[in-house]
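Undergrad: Input file: model25.pdb. Contents: PDB, C-alpha atoms.
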```pdb
ATOM      1  CA  GLN A   9     -18.394   8.489   1.264  1.00  0.00           C
ATOM      2  CA  VAL A  10     -14.784   7.345   1.266  1.00  0.00           C
ATOM      3  CA  GLN A  11     -13.966   4.640  -1.229  1.00  0.00           C
ATOM      4  CA  LEU A  12     -10.608   2.956  -1.773  1.00  0.00           C
ATOM      5  CA  VAL A  13     -10.228   0.347  -4.498  1.00  0.00           C
ATOM      6  CA  GLU A  14      -6.989  -1.619  -4.826  1.00  0.00           C
ATOM      7  CA  SER A  15      -5.831  -3.443  -7.923  1.00  0.00           C
ATOM      8  CA  GLY A  16      -2.689  -4.945  -9.396  1.00  0.00           C
ATOM      9  CA  GLY A  17      -2.103  -7.950  -7.182  1.00  0.00           C
ATOM     10  CA  GLY A  18      -1.329 -11.386  -8.528  1.00  0.00           C
ATOM     11  CA  LEU A  19       1.060 -14.322  -8.596  1.00  0.00           C
ATOM     12  CA  VAL A  20       4.706 -13.635  -9.334  1.00  0.00           C
ATOM     13  CA  GLU A  21       7.946 -15.549  -8.996  1.00  0.00           C
ATOM     14  CA  SER A  22      10.570 -14.607  -6.445  1.00  0.00           C
ATOM     15  CA  GLY A  23      12.585 -11.666  -7.765  1.00  0.00           C
ATOM     16  CA  GLY A  24       9.710 -10.390  -9.860  1.00  0.00           C
ATOM     17  CA  SER A  25       7.795  -7.126  -9.735  1.00  0.00           C
ATOM     18  CA  LEU A  26       4.247  -5.919  -9.284  1.00  0.00           C
ATOM     19  CA  ARG A  27       2.668  -2.480  -9.214  1.00  0.00           C
ATOM     20  CA  LEU A  28      -0.323  -1.983  -6.955  1.00  0.00           C
ATOM     21  CA  SER A  29      -2.789   0.833  -7.485  1.00  0.00           C
ATOM     22  CA  CYS A  30      -5.388   2.364  -5.193  1.00  0.00           C
ATOM     23  CA  ALA A  31      -8.133   4.555  -6.619  1.00  0.00           C
ATOM     24  CA  ALA A  32      -9.565   6.917  -4.027  1.00  0.00           C
ATOM     25  CA  SER A  33     -12.779   8.934  -3.935  1.00  0.00           C
ATOM     26  CA  GLY A  34     -15.038  10.713  -1.499  1.00  0.00           C
ATOM     27  CA  PHE A  35     -12.474  13.019   0.134  1.00  0.00           C
ATOM     28  CA  SER A  36      -9.928  15.719  -0.715  1.00  0.00           C
ATOM     29  CA  PHE A  37      -7.230  13.290  -1.739  1.00  0.00           C
ATOM     30  CA  GLY A  38      -4.254  15.645  -1.896  1.00  0.00           C
ATOM     31  CA  LEU A  39      -4.720  16.765   1.703  1.00  0.00           C
ATOM     32  CA  TYR A  40      -4.140  13.373   3.291  1.00  0.00           C
ATOM     33  CA  ALA A  41      -1.322  10.943   3.755  1.00  0.00           C
ATOM     34  CA  MET A  42      -1.943   7.550   2.191  1.00  0.00           C
ATOM     35  CA  SER A  43      -0.614   4.216   3.350  1.00  0.00           C
ATOM     36  CA  TRP A  44      -0.207   0.648   2.200  1.00  0.00           C
ATOM     37  CA  TYR A  45      -0.585  -2.138   4.758  1.00  0.00           C
ATOM     38  CA  ARG A  46      -0.343  -5.886   4.373  1.00  0.00           C
ATOM     39  CA  SER A  47      -1.906  -8.756   6.233  1.00  0.00           C
ATOM     40  CA  VAL A  48      -1.178 -12.468   6.557  1.00  0.00           C
ATOM     41  CA  PRO A  49      -3.226 -14.953   8.593  1.00  0.00           C
ATOM     42  CA  GLY A  50      -2.199 -15.083  12.232  1.00  0.00           C
ATOM     43  CA  LYS A  51      -0.304 -11.802  12.191  1.00  0.00           C
ATOM     44  CA  GLU A  52      -1.264  -8.200  12.819  1.00  0.00           C
ATOM     45  CA  ARG A  53      -1.749  -5.988   9.815  1.00  0.00           C
ATOM     46  CA  GLU A  54       1.621  -4.398   9.040  1.00  0.00           C
ATOM     47  CA  LEU A  55       2.360  -0.901   7.754  1.00  0.00           C
ATOM     48  CA  VAL A  56       4.404  -1.204   4.568  1.00  0.00           C
ATOM     49  CA  ALA A  57       4.739   2.382   3.356  1.00  0.00           C
ATOM     50  CA  SER A  58       3.178   5.815   3.731  1.00  0.00           C
ATOM     51  CA  ILE A  59       3.336   8.993   1.679  1.00  0.00           C
ATOM     52  CA  ILE A  60       2.339  12.504   2.693  1.00  0.00           C
ATOM     53  CA  GLY A  61      -0.265  14.531   0.814  1.00  0.00           C
ATOM     54  CA  SER A  62       2.188  16.450  -1.348  1.00  0.00           C
ATOM     55  CA  GLY A  63       4.099  13.292  -2.204  1.00  0.00           C
ATOM     56  CA  SER A  64       7.385  14.854  -1.132  1.00  0.00           C
ATOM     57  CA  ASP A  65       8.122  12.475   1.727  1.00  0.00           C
ATOM     58  CA  ALA A  66       7.530   8.810   2.430  1.00  0.00           C
ATOM     59  CA  TYR A  67       8.102   6.165   5.061  1.00  0.00           C
ATOM     60  CA  TYR A  68       9.021   2.529   4.456  1.00  0.00           C
ATOM     61  CA  GLU A  69       8.992  -0.483   6.706  1.00  0.00           C
ATOM     62  CA  TYR A  70      12.531  -1.770   7.114  1.00  0.00           C
ATOM     63  CA  SER A  71      12.113  -5.018   5.207  1.00  0.00           C
ATOM     64  CA  VAL A  72      10.884  -3.297   2.039  1.00  0.00           C
ATOM     65  CA  LYS A  73      13.300  -0.358   1.915  1.00  0.00           C
ATOM     66  CA  GLY A  74      15.141  -0.274  -1.385  1.00  0.00           C
ATOM     67  CA  ARG A  75      12.669  -2.699  -2.993  1.00  0.00           C
ATOM     68  CA  PHE A  76       9.294  -0.933  -2.754  1.00  0.00           C
ATOM     69  CA  THR A  77       8.407   2.594  -3.837  1.00  0.00           C
ATOM     70  CA  ILE A  78       5.229   4.413  -2.875  1.00  0.00           C
ATOM     71  CA  SER A  79       4.010   7.247  -5.076  1.00  0.00           C
ATOM     72  CA  ARG A  80       0.840   9.186  -5.742  1.00  0.00           C
ATOM     73  CA  ASP A  81      -0.897  11.108  -8.497  1.00  0.00           C
ATOM     74  CA  ASN A  82      -3.049  13.771  -6.890  1.00  0.00           C
ATOM     75  CA  ALA A  83      -4.579  14.740 -10.228  1.00  0.00           C
ATOM     76  CA  LYS A  84      -5.919  11.194 -10.575  1.00  0.00           C
ATOM     77  CA  ASN A  85      -6.663  10.543  -6.875  1.00  0.00           C
ATOM     78  CA  ALA A  86      -4.458   7.478  -6.921  1.00  0.00           C
ATOM     79  CA  VAL A  87      -1.643   5.996  -4.876  1.00  0.00           C
ATOM     80  CA  PHE A  88       0.733   3.302  -6.078  1.00  0.00           C
ATOM     81  CA  LEU A  89       3.128   0.762  -4.657  1.00  0.00           C
ATOM     82  CA  GLN A  90       5.871  -0.418  -6.982  1.00  0.00           C
ATOM     83  CA  MET A  91       7.247  -3.661  -5.622  1.00  0.00           C
ATOM     84  CA  ASN A  92      10.529  -4.972  -7.020  1.00  0.00           C
ATOM     85  CA  ASN A  93      12.680  -7.950  -6.104  1.00  0.00           C
ATOM     86  CA  LEU A  94       9.704  -9.604  -4.455  1.00  0.00           C
ATOM     87  CA  LYS A  95      10.314 -12.342  -1.911  1.00  0.00           C
ATOM     88  CA  PRO A  96       8.049 -15.149  -0.699  1.00  0.00           C
ATOM     89  CA  GLU A  97       7.738 -13.357   2.638  1.00  0.00           C
ATOM     90  CA  ASP A  98       6.042 -10.465   0.821  1.00  0.00           C
ATOM     91  CA  THR A  99       3.059 -12.744   0.194  1.00  0.00           C
ATOM     92  CA  ALA A 100       0.039 -11.058   1.786  1.00  0.00           C
ATOM     93  CA  VAL A 101      -3.168  -9.198   1.151  1.00  0.00           C
ATOM     94  CA  TYR A 102      -2.249  -5.568   0.552  1.00  0.00           C
ATOM     95  CA  TYR A 103      -4.577  -2.788   1.669  1.00  0.00           C
ATOM     96  CA  CYS A 104      -4.782   0.894   0.921  1.00  0.00           C
ATOM     97  CA  GLN A 105      -5.574   3.118   3.897  1.00  0.00           C
ATOM     98  CA  VAL A 106      -6.396   6.724   4.701  1.00  0.00           C
ATOM     99  CA  VAL A 107      -7.084   8.310   8.088  1.00  0.00           C
ATOM    100  CA  LEU A 108      -9.420  11.262   7.768  1.00  0.00           C
ATOM    101  CA  SER A 109     -10.018  11.712  11.506  1.00  0.00           C
ATOM    102  CA  PRO A 110      -8.230  10.378  14.569  1.00  0.00           C
ATOM    103  CA  ASN A 111      -8.698   6.662  15.219  1.00  0.00           C
ATOM    104  CA  ASN A 112     -10.964   6.346  12.183  1.00  0.00           C
ATOM    105  CA  PRO A 113      -9.092   4.690   9.314  1.00  0.00           C
ATOM    106  CA  SER A 114     -10.717   3.783   6.022  1.00  0.00           C
ATOM    107  CA  TRP A 115      -9.628   0.675   4.156  1.00  0.00           C
ATOM    108  CA  GLY A 116      -9.971  -0.790   0.725  1.00  0.00           C
ATOM    109  CA  GLN A 117     -10.999  -4.381   0.094  1.00  0.00           C
ATOM    110  CA  GLY A 118      -7.423  -5.530  -0.408  1.00  0.00           C
ATOM    111  CA  THR A 119      -5.543  -7.202  -3.235  1.00  0.00           C
ATOM    112  CA  GLN A 120      -3.727 -10.531  -2.943  1.00  0.00           C
ATOM    113  CA  VAL A 121      -0.016 -10.702  -3.704  1.00  0.00           C
ATOM    114  CA  THR A 122       1.525 -14.159  -3.883  1.00  0.00           C
ATOM    115  CA  VAL A 123       5.244 -14.660  -4.434  1.00  0.00           C
ATOM    116  CA  SER A 124       6.387 -18.157  -5.300  1.00  0.00           C
ATOM    117  CA  SER A 125       9.859 -19.393  -4.426  1.00  0.00           C
TER     118      SER A 125
END
```
In structure tokens, write the structure found in this file.

TA:
Amino acid sequence: QVQLVESGGGLVESGGSLRLSCAASGFSFGLYAMSWYRSVPGKERELVASIIGSGSDAYYEYSVKGRFTISRDNAKNAVFLQMNNLKPEDTAVYYCQVVLSPNNPSWGQGTQVTVSS
């Protein structure tokens, strides 16, 4: 059974930093790409960053490039999102995601990030 548990969200001032963590279990972690998405009311869930299984390549949504860094520790079955220079528009619920089979994503419960101006 796939389980993804996010942590590390909170309230931070504009320009501050947070580090999100996602603990994964129930699948062969190192074989799968992992992603972070974010969601705000009234908008579609947005892909923020993805990292391949080996950790050697990553994708970033344009608005977070240069500010966010995705990484993973395959020995600990964990993926991270280091968020620097946070802006109020980064306020959202952040979700960890893995796709083990086509059109069948698994999600964590989400962690709230709030950036005050």

Undergrad: Could you list, as a PyMOL selection string, every residue matched by the PyMOL selection byres ((chain A and resi 36) around 10) in this structure?

TA: chain A and resi 10+32-35+37-40+61+82+85+108

Undergrad: Given only C-alpha atoms as the basis, pick out the residue of A:Val72, A:Val107, A:Ala100, A:Ala41 nearest to Leu19 (chain A).

TA: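 Checking each candidate against Leu19 (chain A), we get A:Ala100 as the closest.
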
Undergrad: Under the rule that all atoms listed in the file are counted, which of A:Ser22, A:Ser29, A:Ser43, A:Ser64 is the nearest residue to Gln105 (chain A)?

TA: A:Ser43

Undergrad: Restricting the calculation to all atoms listed in the file, which member of A:Ser125, A:Ser25, A:Ser62, A:Ser47 is positioned closest to Pro96 (chain A)?

TA: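 Counting all atoms listed in the file, the residue closest to Pro96 (chain A) is A:Ser125.
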
Undergrad: Would you mind listing what lies within 8 Å of Gly118 (chain A) as number ranges by chain, with all atoms listed in the file counted and same-chain residues fewer than 6 positions away left out?

TA: A: 13-15, 101-104

Undergrad: Could you save those same residues with C-alpha atoms as a compact mmCIF listing (two decimals), in the coordinates of the input?

TA:
```
# COMPACT_ATOMS: atom_id res chain seq x y z
CA VAL A 13 -10.23 0.35 -4.50
CA GLU A 14 -6.99 -1.62 -4.83
CA SER A 15 -5.83 -3.44 -7.92
CA VAL A 101 -3.17 -9.20 1.15
CA TYR A 102 -2.25 -5.57 0.55
CA TYR A 103 -4.58 -2.79 1.67
CA CYS A 104 -4.78 0.89 0.92
```

Undergrad: When the PyMOL selection byres ((chain A and resi 77) around 7) is applied to the structure above, which residues does it catch, written out as a PyMOL selection string?

TA: chain A and resi 75-76+78-79+89-91

Undergrad: Can you work out the spacing between CA of Gly18 (chain A) and CA of Val121 (chain A) in Å, to one decimal?

TA: 5.0 Å

Undergrad: What's around Leu55 (chain A) at 8 Å? Count only C-alpha atoms, leave out sequence neighbours fewer than 2 positions away in its own chain, and write the answer as a list in words.

TA: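 Surrounding residues, per the criterion: Ser43, Trp44, Tyr45, Arg46, Arg53, Ala57, Ser58 and Glu69 of chain A.
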
Undergrad: For a quick check of understanding, using all atoms listed in the file, which of A:Val87, A:Leu26, A:Leu94, A:Met42 has the smallest distance to Ile60 (chain A)?

TA: A:Met42

Undergrad: Hey, can you check how far CA of Leu12 (chain A) sits from CA of Leu28 (chain A)?

TA: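 Interatomic distance here is 12.5 Å.
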
Undergrad: Can you measure CA of Thr122 (chain A) to CA of Thr99 (chain A) for me? One decimal in Å is fine.

TA: 4.6 Å

Undergrad: How would chain A look written as an mmCIF file, in the first residue's frame with C-alpha atoms?

TA:
```
data_model
loop_
_atom_site.group_PDB
_atom_site.id
_atom_site.type_symbol
_atom_site.label_atom_id
_atom_site.label_comp_id
_atom_site.auth_asym_id
_atom_site.auth_seq_id
_atom_site.Cartn_x
_atom_site.Cartn_y
_atom_site.Cartn_z
ATOM 1 C CA GLN A 9 0.000 0.000 0.000
ATOM 2 C CA VAL A 10 1.465 3.305 -1.129
ATOM 3 C CA GLN A 11 1.787 5.913 1.575
ATOM 4 C CA LEU A 12 3.098 9.455 1.203
ATOM 5 C CA VAL A 13 3.349 11.701 4.249
ATOM 6 C CA GLU A 14 4.305 15.361 3.853
ATOM 7 C CA SER A 15 5.677 17.579 6.584
ATOM 8 C CA GLY A 16 7.490 20.871 7.005
ATOM 9 C CA GLY A 17 4.848 23.390 6.031
ATOM 10 C CA GLY A 18 4.075 26.464 8.073
ATOM 11 C CA LEU A 19 3.821 30.239 8.184
ATOM 12 C CA VAL A 20 6.784 32.259 6.978
ATOM 13 C CA GLU A 21 7.395 35.861 6.015
ATOM 14 C CA SER A 22 8.050 36.892 2.438
ATOM 15 C CA GLY A 23 11.683 36.172 1.583
ATOM 16 C CA GLY A 24 11.908 33.340 4.075
ATOM 17 C CA SER A 25 12.598 29.648 3.594
ATOM 18 C CA LEU A 26 10.951 26.326 4.298
ATOM 19 C CA ARG A 27 11.971 22.738 3.654
ATOM 20 C CA LEU A 28 9.222 20.257 2.888
ATOM 21 C CA SER A 29 9.697 16.535 3.347
ATOM 22 C CA CYS A 30 7.760 13.569 2.007
ATOM 23 C CA ALA A 31 8.214 10.139 3.555
ATOM 24 C CA ALA A 32 7.276 7.357 1.161
ATOM 25 C CA SER A 33 6.497 3.685 1.721
ATOM 26 C CA GLY A 34 4.823 0.766 0.025
ATOM 27 C CA PHE A 35 6.747 0.792 -3.269
ATOM 28 C CA SER A 36 10.290 0.596 -4.652
ATOM 29 C CA PHE A 37 11.051 4.245 -4.070
ATOM 30 C CA GLY A 38 14.256 4.573 -6.082
ATOM 31 C CA LEU A 39 12.601 3.325 -9.264
ATOM 32 C CA TYR A 40 10.084 6.142 -9.577
ATOM 33 C CA ALA A 41 10.077 9.826 -10.274
ATOM 34 C CA MET A 42 8.630 11.921 -7.471
ATOM 35 C CA SER A 43 6.830 15.221 -7.771
ATOM 36 C CA TRP A 44 5.653 18.134 -5.685
ATOM 37 C CA TYR A 45 2.377 19.823 -6.611
ATOM 38 C CA ARG A 46 0.567 22.730 -5.020
ATOM 39 C CA SER A 47 -3.064 23.690 -4.831
ATOM 40 C CA VAL A 48 -4.966 26.881 -4.046
ATOM 41 C CA PRO A 49 -8.758 27.223 -3.936
ATOM 42 C CA GLY A 50 -10.279 27.907 -7.332
ATOM 43 C CA LYS A 51 -7.241 26.818 -9.315
ATOM 44 C CA GLU A 52 -6.075 23.518 -10.746
ATOM 45 C CA ARG A 53 -3.388 21.670 -8.872
ATOM 46 C CA GLU A 54 -0.045 22.844 -10.260
ATOM 47 C CA LEU A 55 3.140 20.845 -10.800
ATOM 48 C CA VAL A 56 5.964 22.566 -8.935
ATOM 49 C CA ALA A 57 8.921 20.222 -9.396
ATOM 50 C CA SER A 58 9.776 16.642 -10.298
ATOM 51 C CA ILE A 59 12.864 14.501 -9.840
ATOM 52 C CA ILE A 60 13.738 11.230 -11.540
ATOM 53 C CA GLY A 61 14.435 8.031 -9.618
ATOM 54 C CA SER A 62 18.210 8.382 -9.590
ATOM 55 C CA GLY A 63 17.991 12.016 -8.542
ATOM 56 C CA SER A 64 20.228 13.096 -11.409
ATOM 57 C CA ASP A 65 17.674 15.243 -13.210
ATOM 58 C CA ALA A 66 14.807 17.483 -12.191
ATOM 59 C CA TYR A 67 12.131 19.718 -13.635
ATOM 60 C CA TYR A 68 10.909 23.013 -12.193
ATOM 61 C CA GLU A 69 7.881 25.115 -12.931
ATOM 62 C CA TYR A 70 8.991 28.463 -14.311
ATOM 63 C CA SER A 71 7.940 30.601 -11.365
ATOM 64 C CA VAL A 72 9.997 28.606 -8.855
ATOM 65 C CA LYS A 73 13.192 28.125 -10.868
ATOM 66 C CA GLY A 74 16.186 29.429 -8.964
ATOM 67 C CA ARG A 75 14.232 29.552 -5.687
ATOM 68 C CA PHE A 76 13.130 25.947 -5.087
ATOM 69 C CA THR A 77 15.259 22.806 -5.109
ATOM 70 C CA ILE A 78 13.896 19.275 -5.209
ATOM 71 C CA SER A 79 16.059 16.446 -3.911
ATOM 72 C CA ARG A 80 15.688 12.884 -2.716
ATOM 73 C CA ASP A 81 17.330 10.382 -0.405
ATOM 74 C CA ASN A 82 16.696 6.920 -1.787
ATOM 75 C CA ALA A 83 18.237 5.271 1.268
ATOM 76 C CA LYS A 84 15.591 6.946 3.432
ATOM 77 C CA ASN A 85 12.690 6.794 0.935
ATOM 78 C CA ALA A 86 12.242 10.537 1.155
ATOM 79 C CA VAL A 87 11.890 13.479 -1.195
ATOM 80 C CA PHE A 88 12.409 17.105 -0.231
ATOM 81 C CA LEU A 89 11.550 20.550 -1.497
ATOM 82 C CA GLN A 90 13.794 23.361 -0.319
ATOM 83 C CA MET A 91 11.961 26.621 -0.840
ATOM 84 C CA ASN A 92 13.925 29.867 -0.610
ATOM 85 C CA ASN A 93 12.953 33.480 -1.194
ATOM 86 C CA LEU A 94 9.312 32.594 -0.672
ATOM 87 C CA LYS A 95 6.653 34.925 -2.027
ATOM 88 C CA PRO A 96 3.011 35.379 -1.025
ATOM 89 C CA GLU A 97 1.983 33.757 -4.304
ATOM 90 C CA ASP A 98 3.682 30.548 -3.141
ATOM 91 C CA THR A 99 0.958 30.183 -0.508
ATOM 92 C CA ALA A 100 -0.743 26.838 -1.147
ATOM 93 C CA VAL A 101 -1.199 23.307 0.068
ATOM 94 C CA TYR A 102 1.781 21.312 -1.165
ATOM 95 C CA TYR A 103 1.389 17.659 -2.112
ATOM 96 C CA CYS A 104 3.821 14.862 -2.759
ATOM 97 C CA GLN A 105 2.963 12.607 -5.694
ATOM 98 C CA VAL A 106 4.112 9.393 -7.330
ATOM 99 C CA VAL A 107 2.716 7.661 -10.414
ATOM 100 C CA LEU A 108 3.228 3.922 -10.233
ATOM 101 C CA SER A 109 1.029 3.068 -13.228
ATOM 102 C CA PRO A 110 -0.415 5.167 -16.032
ATOM 103 C CA ASN A 111 -3.209 7.532 -15.002
ATOM 104 C CA ASN A 112 -3.016 6.305 -11.410
ATOM 105 C CA PRO A 113 -1.253 8.883 -9.235
ATOM 106 C CA SER A 114 -0.881 8.533 -5.488
ATOM 107 C CA TRP A 115 -0.986 11.600 -3.273
ATOM 108 C CA GLY A 116 -0.102 12.540 0.245
ATOM 109 C CA GLN A 117 -2.431 14.471 2.526
ATOM 110 C CA GLY A 118 -0.705 17.771 1.830
ATOM 111 C CA THR A 119 1.029 20.365 3.972
ATOM 112 C CA GLN A 120 0.008 24.023 4.177
ATOM 113 C CA VAL A 121 2.525 26.714 3.277
ATOM 114 C CA THR A 122 1.533 30.291 4.035
ATOM 115 C CA VAL A 123 3.746 33.220 3.080
ATOM 116 C CA SER A 124 2.884 36.575 4.590
ATOM 117 C CA SER A 125 3.722 39.826 2.835
#
```
